[in-house]
Amino acid sequence: MPETSAPLGVKWGTEELTEVPRAFHTAVREHVARRAAELGGDWKSLVFDRQFDLLSADDVLAIEREFLATGRKFQFSAEISIREEPDKYVRAEAAVTEQEGLGEVADGRVVVALGDNVARHQANVSGTIAFVSSPEQVIDFLTEGVPEGTVAVIDDSGGTLTAPILDGFRAVICLGGTVRSHLGILTREYGIPCLMNAAIAGLHDGDEVEIEATAAVPTADEYSAGSAVRARVWKKA
Amino acid sequence: MSAIRDQWWDYIRSEGDELGYKKWTLGRLTDDQVQELVSEELDDQRLNDLILHMGVGFKPELTRRSSFTSELFPMTPYICVSLVEDYHTYTDRVRVIEAAKPAEQIARDNRAVPAKLSPLWTWMAGFHYLCGRECLIHMGELKPDENVDGIRPVVDFWRRMTLAQRNDGALNNKDANDANPYLPEALVRKYTAESRPFDDDARSTFRRLNATLAGYAFLYYTDSRVGIYDSGPYDLGDGRLLIIRDYLQLGRSAFPWSEHCEVPYDNLSIGLVVPADRLKIEINDWGTSFTEPEELLEVVTDVAVYARQGDDLAPIPDTEWGDLTKAYSKTHLKLYQHFAKMARRDKIMSAAEMYCWGLIPFARDAGVFDRIDWEISKETLQYYPDPFDDDAATGGIFAGALIMHDRPSAFSPIR
């Protein structure tokens with residue numbers, strides 16, 4: 001790399017944690033490094049005067065073609081992406097339905113979520129789904145009260161976002177974390193059924209669901225081996 | 001070198017299993033043996049061995065057991081700011097503290113009172129500092145063999161503080177069968193004698209109080225576990241175990257947001273008696289209990305709740321638990337609204353200070369609080385906002401530095 005590689009090392013040299021961004025960004029970084037070496041000169045002039053020599057639109061399209069040729073696809077942030085270019089994008093939900101048992105139908109009910117049970121309860125619980133993701137929503141709940149029977153779906157495994165209203169939930173489904181995350185610990189202390197690290201498919205605000213709060217709690221060994229039995233969430237098919 | 005020193009260092013150097021556990025064969029060390037270890041010099045070889053021992057036990061805790069997300073606080077940015085700040089400042093801060101009072105003396109002067117100096121704060125002094133070093137190594141700003149003489153005083157402060165505080169020869173709960181029964185026997189007897197059996201109503205009222213305190217403590221400490229510490233289990237010798245759960249420093253303090261925190265008691269200490277045959281208890285180094293197969297609060301038979309002020313413990317009868325729950329809930333809401341309105345940068349810096357100020361209790365005990373500059377340093381702020389304001393970049397730095405590598409230790413050796 002050119003002489004000013006230190007600032008790159010701080011941010012852009014950091015390897016991405018997930019496969020798709022890592023593969024794509026690595027290809028971009030390698031291309032830029034190669035072109036910079038070919039072009040010569042200092043980094044500032046390359047970036048400010050000859051940036052399109054370093055990385056052009058055609059270069060990005062070539063990297064994209066190469067990436068797609070490996071059979072991988074991008075996840076999209078705007079619905080229009082998958083409508084216009086269905087061959088390039090994949091729905092995130094499609095990926096999670098690959099989890100064994102998710103989407104299974106039995107006795108007129110479909111499994112819409114699977115998660116790790118934080119604590120074993122004596123009976124399953126039922127309630128109405130509400131996605132909760134912002135402090136503003138929490139403050140609204142505080143002002144207006146949490147509706148009876150709310151099952152909160154939360155993507156934040158921290159212990160602070162929903163703590164002031166946690167006691168009002170019938171149950172919690174958390175889309176991240178582990179049974180040892182702050183949210184798992186807090187729900188355990190309140191005695192509220194909670195599934196952590198949940199995968200969901202076809203779950204929406206207002207859905208009536210039943211949560212398998214009686215499912216076994218993964219032991220530490222099962223958890224680390226990835227062999228824990230997952231608790232289920234059903235709704236009417 | 002004495003036999004116990006040899007055996008102890010052999011243990012430190014031994015390999016861990018896939019969860020970082022090693023086979024401890026030394027039993028509980030005597031006071032004299034612990035003192036022997038405390039008084040050792042930490043040469044380069046021992047420093048290297050100790051760093052690897054810390055890292056081997058720590059890495060599985062990060063990979064298996066936690067997750068770093070919070071909607072209310074930008075968690076990986078504030079963690080990176082605080083860890084790197086610890087690296088930049090702790091060497092000097094620890095030197096000022098130790099010039100006034102040695103680490104082992106601070107620990108011994110305070111270990112008779114539950115969580116007056118939380119073992120978690122001790123843990124943070126060593127581990128957060130090394131995490132900061134690792135982030136800088138990952139960022140290409142530091143080499144593993146650099147600044148050995150700056151690293152040594154901090155790791156040695158942690159080592160001697162931990163040995164003297166635990167007083168069993170172990171350095172981590174993992175070394176001691178996932179336990180830290182560090183409080184003196186007299187205190188254990190007091191909690192046990194003064195604990196009262198539950199009826200169903202009292203259990204329910206207690207559950208709400210305990211959960212409310214936990215939720216408030218997580219918020220007060222910006223979505224961290226810093227304000228909660230479980231110690232034990234203490235074997236009562238009659239088929240029962242005691243766990244002491246401390247909620248600490250929940251009221252007015254050095255934290256600016258604590259101006260919203262008028263609470264009935266700053267510190268609460270709770271004794272929980274459980275039948276030993278109902279569950280296996282693991283208390284991790286962050287002072288959090290996990291039990292199998294049953295859930296802890298379901299099997300508690302007796303409980304004692306105290307307000308701690310300084311060294312004094314005043315029992316709180318169950319008739320007050322309901323009012324206490326309301327009072328902490330009310331303060332929780334005020335604090336929540338305060339944090340929800342805070343700008344992103346202020347949240348990051350506030351939460352970073354919360355972590356970095358983990359040394360304040362030690363500095364106060366040594367009488368040198370006013371001789372230390374507690375502001376976040378220029379050396380750290382050079383990385384803010386780029387890259388330390390960026391969630392993805394800081395997530396990558398933290399995970400890349402401490403987790404996403406092939407070596408068993410989260411921390412790089414110095415040689």
# chains A, B, ... in the order shown; residues from 1 in each chain; ligands from 1
>>> interface_residues(of="chain B", to="chain A", cutoff="9 Å", atoms="only C-alpha atoms", output="MDAnalysis selection string")
chainID B and resid 19 64:73 138:141 207:208 210:212 214:216 218:219 222:225 288 290 292:295 297 329 332:333 336:337 340 383 386:387 392:397 399:400 404
>>> residues_around(residues="segment 31-37 of chain B", least_positions_apart="4", cutoff="7 Å", atoms="only C-alpha atoms", output="ChimeraX atom specification")
/B:5,163,167,169
>>> atom_distance(atom1="atom CA of Leu175 of chain A", atom2="atom CA of Leu195 of chain A")
8.5 Å
>>> residues_around(residues="Leu39 of chain A", least_positions_apart="5", cutoff="9 Å", atoms="only C-alpha atoms", output="PyMOL selection string")
chain A and resi 34+46+53-54
>>> write_last_selection(atoms="N, CA and C atoms", output="JSON list (two decimals), in the first residue's frame")
[["chain", "number", "residue", "atom", "x", "y", "z"],
["A", 34, "ARG", "N", -3.93, -2.94, -5.69],
["A", 34, "ARG", "CA", -3.23, -3.33, -6.92],
["A", 34, "ARG", "C", -3.10, -2.14, -7.87],
["A", 46, "LEU", "N", -3.66, 10.37, -5.52],
["A", 46, "LEU", "CA", -4.47, 9.28, -6.07],
["A", 46, "LEU", "C", -5.93, 9.44, -5.67],
["A", 53, "ASP", "N", -9.40, 6.43, -11.57],
["A", 53, "ASP", "CA", -8.41, 5.48, -12.08],
["A", 53, "ASP", "C", -8.20, 4.34, -11.08],
["A", 54, "LEU", "N", -8.39, 4.69, -9.81],
["A", 54, "LEU", "CA", -8.24, 3.68, -8.75],
["A", 54, "LEU", "C", -9.39, 2.69, -8.77]]
>>> closest_residue(among="B:Leu142, B:Leu248, B:Ala100, B:Leu279", to="Gln309 of chain B", atoms="only C-alpha atoms")
B:Leu248
>>> residues_around(residues="segment 352-366 of chain B", least_positions_apart="4", cutoff="8 Å", atoms="only C-alpha atoms", output="list in words")
Tyr78, Ile79, Val81, Ser82, Leu83, Glu85, Asp86, Ile97, Glu98, Ala100, Lys101, Ile106, Leu117, Trp121, Met124, Ala125, Tyr221, Thr222, Phe255, Ile348, Trp374 and Ile376 of chain B
>>> select_by_dssp(residues="segment 72-168 of chain A", states="strand (DSSP E)", output="list in words")
Phe74, Gln75, Tyr89, Val90, Val105, Ala106, Arg109, Val110, Val111, Val112, Ala113, Leu114, Gly115, Asp116, Asn117, Val125, Ser126, Gly127, Thr128, Ile129, Ala130, Phe131, Val132, Thr150, Val151, Ala152, Val153 and Ile154 of chain A
>>> residues_around(residues="segment 50-52 of chain A", least_positions_apart="4", cutoff="12 Å", atoms="only C-alpha atoms", output="PDB file with C-alpha atoms, in the first residue's frame")
ATOM      1  CA  VAL A  32      -7.494  -0.573  -5.043  1.00  0.00           C
ATOM      2  CA  ARG A  35      -4.179  -0.257  -8.961  1.00  0.00           C
ATOM      3  CA  ALA A  36      -2.409   2.089  -6.532  1.00  0.00           C
ATOM      4  CA  LEU A  39      -0.282   3.915 -10.870  1.00  0.00           C
ATOM      5  CA  GLY A  40       2.379   5.010  -8.379  1.00  0.00           C
ATOM      6  CA  GLY A  41       2.468   8.471  -6.787  1.00  0.00           C
ATOM      7  CA  ASP A  42       1.344   9.564  -3.361  1.00  0.00           C
ATOM      8  CA  TRP A  43      -1.962   8.554  -1.812  1.00  0.00           C
ATOM      9  CA  LYS A  44      -3.367  12.064  -1.561  1.00  0.00           C
ATOM     10  CA  SER A  45      -3.077  12.716  -5.286  1.00  0.00           C
ATOM     11  CA  LEU A  46      -4.467   9.281  -6.072  1.00  0.00           C
ATOM     12  CA  SER A  56     -14.265   2.972 -11.594  1.00  0.00           C
ATOM     13  CA  ALA A  57     -17.906   1.997 -11.991  1.00  0.00           C
ATOM     14  CA  ASP A  58     -16.818  -0.761 -14.371  1.00  0.00           C
ATOM     15  CA  ASP A  59     -14.392  -2.070 -11.763  1.00  0.00           C
ATOM     16  CA  VAL A  60     -17.195  -2.287  -9.183  1.00  0.00           C
TER      17      VAL A  60
END
>>> closest_residue(among="B:Arg371, B:Arg189, B:Arg308, B:His260", to="Tyr328 of chain B", atoms="only C-alpha atoms")
B:His260
>>> select_by_dssp(residues="segment 299-367 of chain B", states="alpha helix (DSSP H)", output="PyMOL selection string")
chain B and resi 299+321-341+344-356+360-366
>>> decode(residues="segment 38-57 of chain B", atoms="N, CA and C atoms", output="PDB file, in the first residue's frame")
ATOM      1  N   VAL B  38       1.932 -12.553  46.589  1.00  0.00           N
ATOM      2  CA  VAL B  38       1.772 -11.102  46.445  1.00  0.00           C
ATOM      3  C   VAL B  38       3.133 -10.407  46.389  1.00  0.00           C
ATOM      4  N   SER B  39       4.074 -10.891  47.185  1.00  0.00           N
ATOM      5  CA  SER B  39       5.338 -10.159  47.306  1.00  0.00           C
ATOM      6  C   SER B  39       6.336 -10.477  46.187  1.00  0.00           C
ATOM      7  N   GLU B  40       5.936 -11.323  45.247  1.00  0.00           N
ATOM      8  CA  GLU B  40       6.847 -11.641  44.146  1.00  0.00           C
ATOM      9  C   GLU B  40       7.017 -10.472  43.185  1.00  0.00           C
ATOM     10  N   GLU B  41       8.200 -10.414  42.575  1.00  0.00           N
ATOM     11  CA  GLU B  41       8.430  -9.457  41.495  1.00  0.00           C
ATOM     12  C   GLU B  41       7.813 -10.006  40.211  1.00  0.00           C
ATOM     13  N   LEU B  42       7.256  -9.140  39.408  1.00  0.00           N
ATOM     14  CA  LEU B  42       6.671  -9.594  38.142  1.00  0.00           C
ATOM     15  C   LEU B  42       7.673  -9.331  37.015  1.00  0.00           C
ATOM     16  N   ASP B  43       8.525 -10.324  36.754  1.00  0.00           N
ATOM     17  CA  ASP B  43       9.505 -10.128  35.674  1.00  0.00           C
ATOM     18  C   ASP B  43       8.828 -10.349  34.313  1.00  0.00           C
ATOM     19  N   ASP B  44       9.577 -10.184  33.248  1.00  0.00           N
ATOM     20  CA  ASP B  44       8.983 -10.261  31.903  1.00  0.00           C
ATOM     21  C   ASP B  44       8.337 -11.618  31.636  1.00  0.00           C
ATOM     22  N   GLN B  45       9.036 -12.685  32.064  1.00  0.00           N
ATOM     23  CA  GLN B  45       8.498 -14.019  31.797  1.00  0.00           C
ATOM     24  C   GLN B  45       7.162 -14.218  32.512  1.00  0.00           C
ATOM     25  N   ARG B  46       7.123 -13.838  33.776  1.00  0.00           N
ATOM     26  CA  ARG B  46       5.877 -14.011  34.545  1.00  0.00           C
ATOM     27  C   ARG B  46       4.764 -13.108  34.004  1.00  0.00           C
ATOM     28  N   LEU B  47       5.136 -11.906  33.613  1.00  0.00           N
ATOM     29  CA  LEU B  47       4.141 -10.990  33.040  1.00  0.00           C
ATOM     30  C   LEU B  47       3.534 -11.616  31.783  1.00  0.00           C
ATOM     31  N   ASN B  48       4.401 -12.176  30.959  1.00  0.00           N
ATOM     32  CA  ASN B  48       3.944 -12.823  29.734  1.00  0.00           C
ATOM     33  C   ASN B  48       3.001 -13.989  30.055  1.00  0.00           C
ATOM     34  N   ASP B  49       3.410 -14.816  31.024  1.00  0.00           N
ATOM     35  CA  ASP B  49       2.593 -15.978  31.397  1.00  0.00           C
ATOM     36  C   ASP B  49       1.229 -15.542  31.937  1.00  0.00           C
ATOM     37  N   LEU B  50       1.250 -14.483  32.716  1.00  0.00           N
ATOM     38  CA  LEU B  50       0.017 -13.995  33.332  1.00  0.00           C
ATOM     39  C   LEU B  50      -0.951 -13.436  32.277  1.00  0.00           C
ATOM     40  N   ILE B  51      -0.397 -12.690  31.331  1.00  0.00           N
ATOM     41  CA  ILE B  51      -1.238 -12.120  30.266  1.00  0.00           C
ATOM     42  C   ILE B  51      -1.916 -13.253  29.483  1.00  0.00           C
ATOM     43  N   LEU B  52      -1.169 -14.298  29.188  1.00  0.00           N
ATOM     44  CA  LEU B  52      -1.756 -15.417  28.440  1.00  0.00           C
ATOM     45  C   LEU B  52      -2.798 -16.150  29.284  1.00  0.00           C
ATOM     46  N   HIS B  53      -2.506 -16.320  30.570  1.00  0.00           N
ATOM     47  CA  HIS B  53      -3.485 -16.969  31.460  1.00  0.00           C
ATOM     48  C   HIS B  53      -4.787 -16.166  31.495  1.00  0.00           C
ATOM     49  N   MET B  54      -4.685 -14.867  31.607  1.00  0.00           N
ATOM     50  CA  MET B  54      -5.881 -14.014  31.633  1.00  0.00           C
ATOM     51  C   MET B  54      -6.659 -14.159  30.328  1.00  0.00           C
ATOM     52  N   GLY B  55      -5.917 -14.140  29.229  1.00  0.00           N
ATOM     53  CA  GLY B  55      -6.560 -14.175  27.919  1.00  0.00           C
ATOM     54  C   GLY B  55      -7.220 -15.501  27.598  1.00  0.00           C
ATOM     55  N   VAL B  56      -6.641 -16.599  28.091  1.00  0.00           N
ATOM     56  CA  VAL B  56      -7.198 -17.934  27.814  1.00  0.00           C
ATOM     57  C   VAL B  56      -8.523 -18.126  28.538  1.00  0.00           C
ATOM     58  N   GLY B  57      -8.610 -17.650  29.757  1.00  0.00           N
ATOM     59  CA  GLY B  57      -9.870 -17.770  30.493  1.00  0.00           C
ATOM     60  C   GLY B  57     -10.940 -16.823  29.976  1.00  0.00           C
TER      61      GLY B  57
END
